[in-house]
file my_file.cif (mmCIF, C-alpha atoms)
data_my_file
loop_
_atom_site.group_PDB
_atom_site.id
_atom_site.type_symbol
_atom_site.label_atom_id
_atom_site.label_comp_id
_atom_site.auth_asym_id
_atom_site.auth_seq_id
_atom_site.Cartn_x
_atom_site.Cartn_y
_atom_site.Cartn_z
ATOM 1 C CA MET A 1 40.454 24.032 9.811
ATOM 2 C CA LYS A 2 40.693 20.833 7.920
ATOM 3 C CA ILE A 3 42.229 17.957 9.761
ATOM 4 C CA CYS A 4 43.967 15.367 7.616
ATOM 5 C CA PRO A 5 43.222 11.871 8.660
ATOM 6 C CA ILE A 6 46.130 9.892 9.991
ATOM 7 C CA THR A 7 46.594 6.514 8.393
ATOM 8 C CA LEU A 8 48.074 3.890 10.622
ATOM 9 C CA HIS A 9 50.133 1.152 8.986
ATOM 10 C CA SER A 10 50.598 -2.110 10.611
ATOM 11 C CA THR A 11 54.119 -2.652 11.829
ATOM 12 C CA GLU A 12 53.793 -6.246 10.760
ATOM 13 C CA SER A 13 53.270 -5.244 7.105
ATOM 14 C CA ARG A 14 56.561 -3.307 7.025
ATOM 15 C CA VAL A 15 58.720 -6.092 8.299
ATOM 16 C CA THR A 16 60.789 -7.691 5.492
ATOM 17 C CA ASP A 17 61.279 -11.397 5.742
ATOM 18 C CA PHE A 18 65.078 -11.984 5.725
ATOM 19 C CA ARG A 19 66.169 -15.611 5.681
ATOM 20 C CA GLY A 20 69.692 -17.056 5.689
ATOM 21 C CA PHE A 21 70.944 -19.978 3.581
ATOM 22 C CA THR A 22 69.980 -23.365 4.803
ATOM 23 C CA LEU A 23 72.762 -25.891 5.204
ATOM 24 C CA ILE A 24 71.624 -27.769 2.104
ATOM 25 C CA GLU A 25 71.623 -24.588 -0.018
ATOM 26 C CA LEU A 26 75.099 -23.695 1.210
ATOM 27 C CA LEU A 27 76.415 -27.151 0.360
ATOM 28 C CA VAL A 28 74.889 -26.900 -3.122
ATOM 29 C CA VAL A 29 76.644 -23.555 -3.713
ATOM 30 C CA ILE A 30 79.963 -24.981 -2.505
ATOM 31 C CA ALA A 31 79.537 -28.012 -4.766
ATOM 32 C CA ILE A 32 78.852 -25.782 -7.781
ATOM 33 C CA ILE A 33 81.968 -23.686 -7.044
ATOM 34 C CA ALA A 34 84.058 -26.863 -6.717
ATOM 35 C CA ILE A 35 82.751 -28.168 -10.039
ATOM 36 C CA LEU A 36 83.516 -24.876 -11.786
ATOM 37 C CA ALA A 37 87.010 -24.777 -10.258
ATOM 38 C CA GLY A 38 87.589 -28.364 -11.351
ATOM 39 C CA MET A 39 86.667 -27.380 -14.887
ATOM 40 C CA LEU A 40 88.626 -24.118 -15.033
ATOM 41 C CA LEU A 41 91.880 -24.908 -13.222
ATOM 42 C CA PRO A 42 93.062 -27.648 -15.632
ATOM 43 C CA ALA A 43 92.266 -25.345 -18.546
ATOM 44 C CA LEU A 44 94.269 -22.538 -16.944
ATOM 45 C CA ALA A 45 97.184 -24.897 -16.195
ATOM 46 C CA LYS A 46 97.095 -26.152 -19.785
ATOM 47 C CA ALA A 47 97.096 -22.588 -21.115
ATOM 48 C CA LYS A 48 100.061 -21.682 -18.887
ATOM 49 C CA ALA A 49 101.998 -24.765 -20.027
ATOM 50 C CA LYS A 50 101.240 -23.895 -23.641
ATOM 51 C CA ALA A 51 102.494 -20.345 -23.119
ATOM 52 C CA THR A 52 105.736 -21.624 -21.587
ATOM 53 C CA THR A 53 106.253 -24.093 -24.426
ATOM 54 C CA THR A 54 105.663 -21.309 -26.928
ATOM 55 C CA GLN A 55 108.239 -19.131 -25.185
ATOM 56 C CA CYS A 56 110.765 -21.983 -25.299
ATOM 57 C CA GLN A 57 110.043 -22.515 -28.977
ATOM 58 C CA ASN A 58 110.698 -18.827 -29.556
ATOM 59 C CA ASN A 59 113.981 -19.032 -27.612
ATOM 60 C CA VAL A 60 115.263 -21.953 -29.661
ATOM 61 C CA LYS A 61 114.108 -20.228 -32.853
ATOM 62 C CA GLN A 62 116.095 -17.096 -31.958
ATOM 63 C CA ILE A 63 119.209 -19.154 -31.184
ATOM 64 C CA THR A 64 118.838 -21.085 -34.451
ATOM 65 C CA LEU A 65 118.403 -17.868 -36.437
ATOM 66 C CA GLY A 66 121.482 -16.430 -34.717
ATOM 67 C CA MET A 67 123.397 -19.557 -35.723
ATOM 68 C CA HIS A 68 122.333 -19.071 -39.341
ATOM 69 C CA MET A 69 123.441 -15.458 -39.368
ATOM 70 C CA TYR A 70 126.793 -16.555 -37.962
ATOM 71 C CA ILE A 71 127.092 -19.209 -40.689
ATOM 72 C CA GLY A 72 126.479 -16.544 -43.315
ATOM 73 C CA ASP A 73 129.347 -14.469 -41.932
ATOM 74 C CA SER A 74 131.708 -17.416 -41.428
ATOM 75 C CA ALA A 75 132.072 -19.139 -44.799
ATOM 76 C CA ASP A 76 129.415 -21.741 -43.878
ATOM 77 C CA TYR A 77 131.242 -22.885 -40.731
ATOM 78 C CA LEU A 78 129.081 -23.567 -37.692
ATOM 79 C CA PRO A 79 130.099 -21.967 -34.386
ATOM 80 C CA GLU A 80 132.262 -24.171 -32.183
ATOM 81 C CA PRO A 81 129.807 -25.880 -29.791
ATOM 82 C CA ASN A 82 131.733 -25.303 -26.523
ATOM 83 C CA TRP A 83 132.559 -29.002 -26.358
ATOM 84 C CA ASN A 84 134.376 -29.617 -23.081
ATOM 85 C CA SER A 85 138.014 -29.916 -24.126
ATOM 86 C CA PRO A 86 140.252 -28.436 -25.408
ATOM 87 C CA TRP A 87 139.355 -25.030 -23.963
ATOM 88 C CA GLU A 88 141.038 -22.939 -26.657
ATOM 89 C CA LYS A 89 138.579 -20.611 -28.328
ATOM 90 C CA LYS A 90 135.191 -18.932 -28.342
ATOM 91 C CA GLY A 91 132.165 -21.136 -28.821
ATOM 92 C CA TRP A 92 128.546 -20.460 -29.620
ATOM 93 C CA LEU A 93 127.709 -19.730 -25.956
ATOM 94 C CA TYR A 94 130.846 -18.377 -24.276
ATOM 95 C CA ASP A 95 134.584 -17.839 -24.581
ATOM 96 C CA ALA A 96 136.240 -21.057 -23.369
ATOM 97 C CA LYS A 97 139.797 -19.728 -23.300
ATOM 98 C CA PRO A 98 139.746 -18.934 -19.542
ATOM 99 C CA GLY A 99 139.275 -22.681 -18.916
ATOM 100 C CA SER A 100 135.690 -22.848 -17.646
ATOM 101 C CA PRO A 101 132.258 -21.416 -18.429
ATOM 102 C CA PRO A 102 131.545 -17.948 -16.995
ATOM 103 C CA ASP A 103 129.651 -18.365 -13.710
ATOM 104 C CA VAL A 104 126.658 -16.033 -13.973
ATOM 105 C CA SER A 105 125.861 -16.622 -10.273
ATOM 106 C CA ARG A 106 129.087 -14.916 -9.193
ATOM 107 C CA ASN A 107 130.822 -11.604 -9.709
ATOM 108 C CA PRO A 108 131.535 -9.929 -12.040
ATOM 109 C CA TYR A 109 128.587 -11.491 -13.898
ATOM 110 C CA ILE A 110 125.972 -11.561 -11.132
ATOM 111 C CA THR A 111 125.149 -7.907 -11.820
ATOM 112 C CA ASN A 112 126.095 -7.968 -15.496
ATOM 113 C CA SER A 113 125.196 -11.355 -16.944
ATOM 114 C CA ALA A 114 125.160 -9.906 -20.467
ATOM 115 C CA ALA A 115 128.959 -9.688 -20.287
ATOM 116 C CA ALA A 116 129.164 -13.480 -19.975
ATOM 117 C CA TYR A 117 126.925 -14.026 -23.003
ATOM 118 C CA ALA A 118 128.720 -11.344 -24.995
ATOM 119 C CA SER A 119 131.876 -13.478 -24.835
ATOM 120 C CA GLY A 120 130.176 -16.092 -27.055
ATOM 121 C CA LEU A 121 129.836 -16.103 -30.831
ATOM 122 C CA LEU A 122 126.046 -15.858 -31.150
ATOM 123 C CA TYR A 123 125.166 -13.118 -28.669
ATOM 124 C CA THR A 124 125.927 -10.426 -31.249
ATOM 125 C CA TYR A 125 123.186 -11.884 -33.442
ATOM 126 C CA ILE A 126 120.707 -12.589 -30.629
ATOM 127 C CA GLY A 127 121.183 -9.594 -28.336
ATOM 128 C CA SER A 128 119.273 -10.912 -25.299
ATOM 129 C CA ALA A 129 120.481 -13.074 -22.419
ATOM 130 C CA ALA A 130 116.888 -14.092 -21.605
ATOM 131 C CA VAL A 131 116.671 -16.100 -24.829
ATOM 132 C CA PHE A 132 119.112 -18.670 -23.469
ATOM 133 C CA ARG A 133 116.964 -19.851 -20.558
ATOM 134 C CA CYS A 134 113.712 -21.789 -20.393
ATOM 135 C CA PRO A 135 111.276 -19.993 -18.035
ATOM 136 C CA LEU A 136 110.755 -23.275 -16.151
ATOM 137 C CA ASP A 137 114.488 -23.796 -15.639
ATOM 138 C CA THR A 138 114.621 -21.762 -12.439
ATOM 139 C CA THR A 139 117.772 -20.734 -10.605
ATOM 140 C CA ASN A 140 116.577 -21.646 -7.093
ATOM 141 C CA LYS A 141 117.068 -25.391 -7.514
ATOM 142 C CA VAL A 142 119.981 -27.451 -6.207
ATOM 143 C CA ALA A 143 120.590 -28.955 -9.659
ATOM 144 C CA TRP A 144 120.958 -25.493 -11.205
ATOM 145 C CA ARG A 145 123.350 -24.304 -8.492
ATOM 146 C CA SER A 146 125.525 -27.398 -8.960
ATOM 147 C CA ARG A 147 126.015 -26.831 -12.683
ATOM 148 C CA ALA A 148 129.300 -25.641 -14.104
ATOM 149 C CA GLN A 149 127.446 -24.025 -16.992
ATOM 150 C CA LYS A 150 124.543 -21.930 -15.718
ATOM 151 C CA MET A 151 124.097 -19.782 -18.803
ATOM 152 C CA SER A 152 121.803 -21.795 -21.041
ATOM 153 C CA SER A 153 119.005 -24.350 -20.744
ATOM 154 C CA TYR A 154 119.666 -25.272 -24.374
ATOM 155 C CA LEU A 155 122.761 -27.109 -25.572
ATOM 156 C CA MET A 156 124.344 -27.575 -28.981
ATOM 157 C CA ASN A 157 124.834 -31.005 -30.512
ATOM 158 C CA GLY A 158 128.449 -32.094 -30.040
ATOM 159 C CA ALA A 159 128.298 -33.558 -33.552
ATOM 160 C CA VAL A 160 129.157 -30.025 -34.753
ATOM 161 C CA CYS A 161 132.754 -30.683 -33.686
ATOM 162 C CA GLY A 162 132.601 -34.444 -34.195
ATOM 163 C CA PHE A 163 132.116 -34.939 -30.435
ATOM 164 C CA GLY A 164 135.611 -33.592 -29.944
ATOM 165 C CA GLY A 165 137.103 -35.074 -33.091
ATOM 166 C CA VAL A 166 137.778 -31.692 -34.681
ATOM 167 C CA SER A 167 137.827 -29.571 -31.504
ATOM 168 C CA PRO A 168 138.362 -26.719 -31.137
ATOM 169 C CA GLY A 169 137.024 -26.404 -34.684
ATOM 170 C CA SER A 170 133.670 -27.214 -36.254
ATOM 171 C CA TYR A 171 132.182 -28.588 -39.456
ATOM 172 C CA LYS A 172 130.434 -26.582 -42.143
ATOM 173 C CA ALA A 173 126.652 -26.521 -42.124
ATOM 174 C CA SER A 174 126.647 -28.058 -45.601
ATOM 175 C CA ALA A 175 128.304 -31.182 -44.153
ATOM 176 C CA PHE A 176 125.016 -32.023 -42.395
ATOM 177 C CA THR A 177 121.715 -33.168 -43.816
ATOM 178 C CA PRO A 178 119.084 -30.381 -43.708
ATOM 179 C CA ASP A 179 117.095 -32.156 -40.965
ATOM 180 C CA SER A 180 120.040 -32.624 -38.573
ATOM 181 C CA VAL A 181 119.184 -31.526 -35.030
ATOM 182 C CA LEU A 182 121.694 -29.076 -33.571
ATOM 183 C CA TYR A 183 119.944 -27.700 -30.440
ATOM 184 C CA TRP A 184 117.698 -29.075 -27.705
ATOM 185 C CA GLN A 185 116.873 -28.434 -24.063
ATOM 186 C CA ALA A 186 119.038 -30.621 -21.862
ATOM 187 C CA LEU A 187 118.110 -32.671 -18.792
ATOM 188 C CA GLU A 188 118.105 -30.133 -15.948
ATOM 189 C CA THR A 189 118.518 -32.759 -13.207
ATOM 190 C CA ASN A 190 121.805 -33.992 -14.676
ATOM 191 C CA PRO A 191 124.659 -31.567 -13.869
ATOM 192 C CA GLY A 192 126.857 -33.588 -16.233
ATOM 193 C CA ASP A 193 124.805 -32.266 -19.119
ATOM 194 C CA PHE A 194 125.835 -28.767 -18.132
ATOM 195 C CA ASN A 195 129.597 -29.053 -17.769
ATOM 196 C CA ASP A 196 129.872 -27.053 -21.004
ATOM 197 C CA GLY A 197 127.728 -25.704 -23.824
ATOM 198 C CA SER A 198 127.108 -28.886 -25.787
ATOM 199 C CA SER A 199 125.848 -32.414 -25.388
ATOM 200 C CA SER A 200 125.402 -35.754 -27.100
ATOM 201 C CA PRO A 201 122.017 -37.359 -27.807
ATOM 202 C CA ALA A 202 122.862 -40.007 -25.195
ATOM 203 C CA GLU A 203 122.760 -37.485 -22.342
ATOM 204 C CA GLY A 204 119.010 -36.954 -22.355
ATOM 205 C CA ILE A 205 116.560 -34.086 -22.682
ATOM 206 C CA THR A 206 114.457 -31.932 -20.399
ATOM 207 C CA LYS A 207 111.556 -33.194 -18.306
ATOM 208 C CA LEU A 208 110.216 -29.703 -17.629
ATOM 209 C CA HIS A 209 107.842 -29.867 -20.580
ATOM 210 C CA SER A 210 106.813 -33.434 -19.686
ATOM 211 C CA VAL A 211 106.534 -34.825 -23.206
ATOM 212 C CA GLY A 212 109.373 -33.401 -25.285
ATOM 213 C CA THR A 213 111.677 -30.565 -26.253
ATOM 214 C CA THR A 214 111.898 -27.946 -28.959
ATOM 215 C CA VAL A 215 114.838 -28.616 -31.277
ATOM 216 C CA GLY A 216 116.736 -26.315 -33.602
ATOM 217 C CA VAL A 217 117.533 -27.832 -36.992
ATOM 218 C CA VAL A 218 120.455 -27.094 -39.308
ATOM 219 C CA ASP A 219 118.175 -25.803 -42.079
ATOM 220 C CA GLY A 220 116.918 -23.084 -39.712
ATOM 221 C CA HIS A 221 113.518 -24.375 -38.619
ATOM 222 C CA THR A 222 112.453 -25.537 -35.168
ATOM 223 C CA GLU A 223 110.063 -28.294 -34.159
ATOM 224 C CA TYR A 224 108.715 -29.991 -31.065
ATOM 225 C CA LEU A 225 110.281 -33.431 -30.725
ATOM 226 C CA LYS A 226 108.506 -35.733 -28.301
ATOM 227 C CA THR A 227 110.575 -37.498 -25.656
ATOM 228 C CA LYS A 228 109.817 -41.006 -26.937
ATOM 229 C CA GLN A 229 110.773 -40.011 -30.462
ATOM 230 C CA PHE A 230 114.004 -38.345 -29.308
ATOM 231 C CA TYR A 231 115.139 -41.427 -27.407
ATOM 232 C CA ALA A 232 114.014 -43.765 -30.161
ATOM 233 C CA GLU A 233 116.170 -41.919 -32.686
ATOM 234 C CA GLY A 234 118.998 -41.613 -30.185
ATOM 235 C CA ASN A 235 119.093 -45.364 -29.580
ATOM 236 C CA VAL A 236 119.602 -46.494 -33.175
ATOM 237 C CA ASN A 237 123.108 -47.463 -34.262
ATOM 238 C CA VAL A 238 123.112 -45.748 -37.638
ATOM 239 C CA LYS A 239 123.681 -42.129 -38.598
ATOM 240 C CA ASN A 240 120.514 -40.080 -38.264
ATOM 241 C CA ARG A 241 119.365 -36.554 -37.493
ATOM 242 C CA LEU A 242 120.628 -36.733 -33.870
ATOM 243 C CA TRP A 243 123.790 -38.768 -34.339
ATOM 244 C CA CYS A 244 124.978 -36.703 -37.297
ATOM 245 C CA ASN A 245 128.764 -36.363 -36.944
ATOM 246 C CA PRO A 246 129.893 -35.835 -40.575
ATOM 247 C CA GLY A 247 133.238 -37.487 -39.870
ATOM 248 C CA SER A 248 131.823 -40.803 -38.662
ATOM 249 C CA PRO A 249 130.019 -43.580 -40.582
ATOM 250 C CA ASN A 250 127.515 -44.074 -37.749
ATOM 251 C CA GLY A 251 127.271 -40.402 -36.828
ATOM 252 C CA ARG A 252 128.955 -40.863 -33.452
#

call {"tool": "encode", "arguments": {"input": "my_file.cif", "output": "structure tokens"}}
result
Amino acid sequence: MKICPITLHSTESRVTDFRGFTLIELLVVIAIIAILAGMLLPALAKAKAKATTTQCQNNVKQITLGMHMYIGDSADYLPEPNWNSPWEKKGWLYDAKPGSPPDVSRNPYITNSAAAYASGLLYTYIGSAAVFRCPLDTTNKVAWRSRAQKMSSYLMNGAVCGFGGVSPGSYKASAFTPDSVLYWQALETNPGDFNDGSSSPAEGITKLHSVGTTVGVVDGHTEYLKTKQFYAEGNVNVKNRLWCNPGSPNGR
């Protein structure tokens, strides 16, 4: 009988040396993570802001295209801008004949908001209620709840009806210069901006995008107009692309 030799291994040689992080190593790892977060988070925030701005630009573009299709079907007349008074006919956003804007936060519109938009002149051409609201213009804010007009973040330039001068009618598109601004996003913290579906350049623009607003232009294009530029043009006393009432020498 052959006896195999038994090899004894030292227990010490089979013990793996496990060590934890030292405090200094842990602090270094935390510092690296903080640096990476500091680099990535602003980039992510910037990308999110860019995506929101792009969505707003698309919304205004769709509204402006809808306006152009309406013009083509209406002998060049622009849709009535839902200027406050008189409340006598349908405007671009809603039917004003009942005497006030449809309240989409109440019945019967709370479960069927499309019915409110369908009362306006442009919904047939646009076909989506979501187009009328900026994604940053949320409905859980006190300013939004206090509005009379909760349907749209974007308002039409009251120059379309001469700031009430030809209400409840409107001018033809050909009465405006091609660069006249007809849509912008209004100042969400000012309920007075949202008493109806239109505004004047003196009432201000959104702060949600921090540096400007997308505008819809009478020739059909859209552009991003910076806040300083908007107010600079709005403060001049001569007719320009914001103050563009065809029936007034100074556009007001």

call {"tool": "closest_residue", "arguments": {"input": "my_file.cif", "among": "A:Met39, A:Val217, A:Val142, A:Ile33", "to": "Met67 in chain A", "atoms": "all atoms listed in the file"}}
result
A:Val217

call {"tool": "closest_residue", "arguments": {"input": "my_file.cif", "among": "A:Asp103, A:Asp137, A:Asp196, A:Glu188", "to": "Asn84 in chain A", "atoms": "only C-alpha atoms"}}
result
A:Asp196

call {"tool": "closest_atom_pairs", "arguments": {"input": "my_file.cif", "of": "range 48-101 of chain A", "to": "range 112-132 of chain A", "cutoff": "9 Å", "atoms": "all atoms listed in the file", "output": "tab-separated table"}}
result
residue	atom	partner	partner_atom	distance
A:Gln55	CA	A:Val131	CA	9.0
A:Cys56	CA	A:Val131	CA	8.3
A:Asn58	CA	A:Val131	CA	8.1
A:Asn59	CA	A:Val131	CA	4.9
A:Val60	CA	A:Val131	CA	7.7
A:Gln62	CA	A:Ile126	CA	6.6
A:Ile63	CA	A:Ile126	CA	6.8
A:Leu65	CA	A:Ile126	CA	8.2
A:Gly66	CA	A:Tyr125	CA	5.0
A:Met67	CA	A:Leu122	CA	6.5
A:Met69	CA	A:Tyr125	CA	6.9
A:Tyr70	CA	A:Leu122	CA	6.9
A:Pro79	CA	A:Leu121	CA	6.9
A:Glu80	CA	A:Leu121	CA	8.5
A:Lys90	CA	A:Gly120	CA	5.9
A:Gly91	CA	A:Gly120	CA	5.7
A:Trp92	CA	A:Leu121	CA	4.7
A:Leu93	CA	A:Gly120	CA	4.5
A:Tyr94	CA	A:Gly120	CA	3.7
A:Asp95	CA	A:Ser119	CA	5.1
A:Ala96	CA	A:Gly120	CA	8.7
A:Pro101	CA	A:Ala116	CA	8.7

call {"tool": "resolve_selection", "arguments": {"input": "my_file.cif", "expression": "the PyMOL selection byres ((chain A and resi 181) around 12)", "output": "PyMOL selection string"}}
result
chain A and resi 60+64+155-160+173+176-180+182-185+199-201+213-225+230+233-234+240-245

call {"tool": "resolve_selection", "arguments": {"input": "my_file.cif", "expression": "the PyMOL selection byres ((chain A and resi 209) around 9)", "output": "MDAnalysis selection string"}}
result
chainID A and resid 49 52:53 136 206:208 210:213

call {"tool": "write_last_selection", "arguments": {"input": "my_file.cif", "atoms": "C-alpha atoms", "output": "compact mmCIF listing (two decimals), in the frame of the given file"}}
result
# COMPACT_ATOMS: atom_id res chain seq x y z
CA ALA A 49 102.00 -24.76 -20.03
CA THR A 52 105.74 -21.62 -21.59
CA THR A 53 106.25 -24.09 -24.43
CA LEU A 136 110.76 -23.28 -16.15
CA THR A 206 114.46 -31.93 -20.40
CA LYS A 207 111.56 -33.19 -18.31
CA LEU A 208 110.22 -29.70 -17.63
CA SER A 210 106.81 -33.43 -19.69
CA VAL A 211 106.53 -34.83 -23.21
CA GLY A 212 109.37 -33.40 -25.28
CA THR A 213 111.68 -30.56 -26.25

call {"tool": "atom_distance", "arguments": {"input": "my_file.cif", "atom1": "CA of Arg147 in chain A", "atom2": "CA of Ser198 in chain A"}}
result
13.3 Å

call {"tool": "residues_around", "arguments": {"input": "my_file.cif", "residues": "Tyr77 in chain A", "least_positions_apart": "6", "cutoff": "8 Å", "atoms": "only C-alpha atoms", "output": "list in words"}}
result
Ile71, Ser170, Tyr171, Lys172 and Ala173 of chain A

call {"tool": "closest_residue", "arguments": {"input": "my_file.cif", "among": "A:Val238, A:Leu23, A:Ile110, A:Leu78", "to": "Ser174 in chain A", "atoms": "all atoms listed in the file"}}
result
A:Leu78

call {"tool": "resolve_selection", "arguments": {"input": "my_file.cif", "expression": "the PyMOL selection byres ((chain A and resi 203) around 9)", "output": "ChimeraX atom specification"}}
result
/A:186-187,190,192-193,199-202,204-205

call {"tool": "atom_distance", "arguments": {"input": "my_file.cif", "atom1": "CA of Ala148 in chain A", "atom2": "CA of Pro102 in chain A"}}
result
8.5 Å

call {"tool": "atom_distance", "arguments": {"input": "my_file.cif", "atom1": "CA of Asn237 in chain A", "atom2": "CA of Gly164 in chain A"}}
result
19.2 Å

call {"tool": "build_atoms", "arguments": {"input": "my_file.cif", "residues": "range 231-249 of chain A", "atoms": "N, CA and C atoms", "output": "short mmCIF file (atom, residue, chain, number, x, y, z; two decimals), keeping the file's coordinate frame"}}
result
data_model
loop_
_atom_site.label_atom_id
_atom_site.label_comp_id
_atom_site.auth_asym_id
_atom_site.auth_seq_id
_atom_site.Cartn_x
_atom_site.Cartn_y
_atom_site.Cartn_z
N TYR A 231 114.37 -40.28 -27.89
CA TYR A 231 115.14 -41.43 -27.41
C TYR A 231 115.13 -42.58 -28.41
N ALA A 232 114.05 -42.72 -29.14
CA ALA A 232 114.01 -43.76 -30.16
C ALA A 232 115.07 -43.50 -31.23
N GLU A 233 115.17 -42.26 -31.68
CA GLU A 233 116.17 -41.92 -32.69
C GLU A 233 117.58 -41.96 -32.10
N GLY A 234 117.69 -41.60 -30.82
CA GLY A 234 119.00 -41.61 -30.18
C GLY A 234 119.54 -42.99 -29.91
N ASN A 235 118.67 -44.00 -29.91
CA ASN A 235 119.09 -45.36 -29.58
C ASN A 235 119.44 -46.22 -30.79
N VAL A 236 119.24 -45.71 -31.99
CA VAL A 236 119.60 -46.49 -33.17
C VAL A 236 121.11 -46.40 -33.42
N ASN A 237 121.65 -47.39 -34.09
CA ASN A 237 123.11 -47.46 -34.26
C ASN A 237 123.59 -46.93 -35.60
N VAL A 238 122.71 -46.30 -36.35
CA VAL A 238 123.11 -45.75 -37.64
C VAL A 238 123.04 -44.23 -37.58
N LYS A 239 123.70 -43.59 -38.53
CA LYS A 239 123.68 -42.13 -38.60
C LYS A 239 122.25 -41.65 -38.84
N ASN A 240 121.85 -40.65 -38.09
CA ASN A 240 120.51 -40.08 -38.26
C ASN A 240 120.56 -38.59 -37.92
N ARG A 241 119.40 -38.00 -37.70
CA ARG A 241 119.36 -36.55 -37.49
C ARG A 241 119.91 -36.12 -36.14
N LEU A 242 120.02 -37.04 -35.17
CA LEU A 242 120.63 -36.73 -33.87
C LEU A 242 122.10 -37.09 -33.86
N TRP A 243 122.40 -38.33 -34.22
CA TRP A 243 123.79 -38.77 -34.34
C TRP A 243 124.24 -38.43 -35.77
N CYS A 244 124.75 -37.22 -35.94
CA CYS A 244 124.98 -36.70 -37.30
C CYS A 244 126.39 -36.19 -37.49
N ASN A 245 127.35 -36.75 -36.78
CA ASN A 245 128.76 -36.36 -36.94
C ASN A 245 129.18 -36.64 -38.39
N PRO A 246 129.53 -35.63 -39.17
CA PRO A 246 129.89 -35.84 -40.58
C PRO A 246 131.14 -36.69 -40.78
N GLY A 247 131.99 -36.76 -39.74
CA GLY A 247 133.24 -37.49 -39.87
C GLY A 247 133.17 -38.94 -39.42
N SER A 248 131.96 -39.43 -39.16
CA SER A 248 131.82 -40.80 -38.66
C SER A 248 130.76 -41.55 -39.45
N PRO A 249 131.02 -42.81 -39.83
CA PRO A 249 130.02 -43.58 -40.58
C PRO A 249 128.70 -43.76 -39.84
#
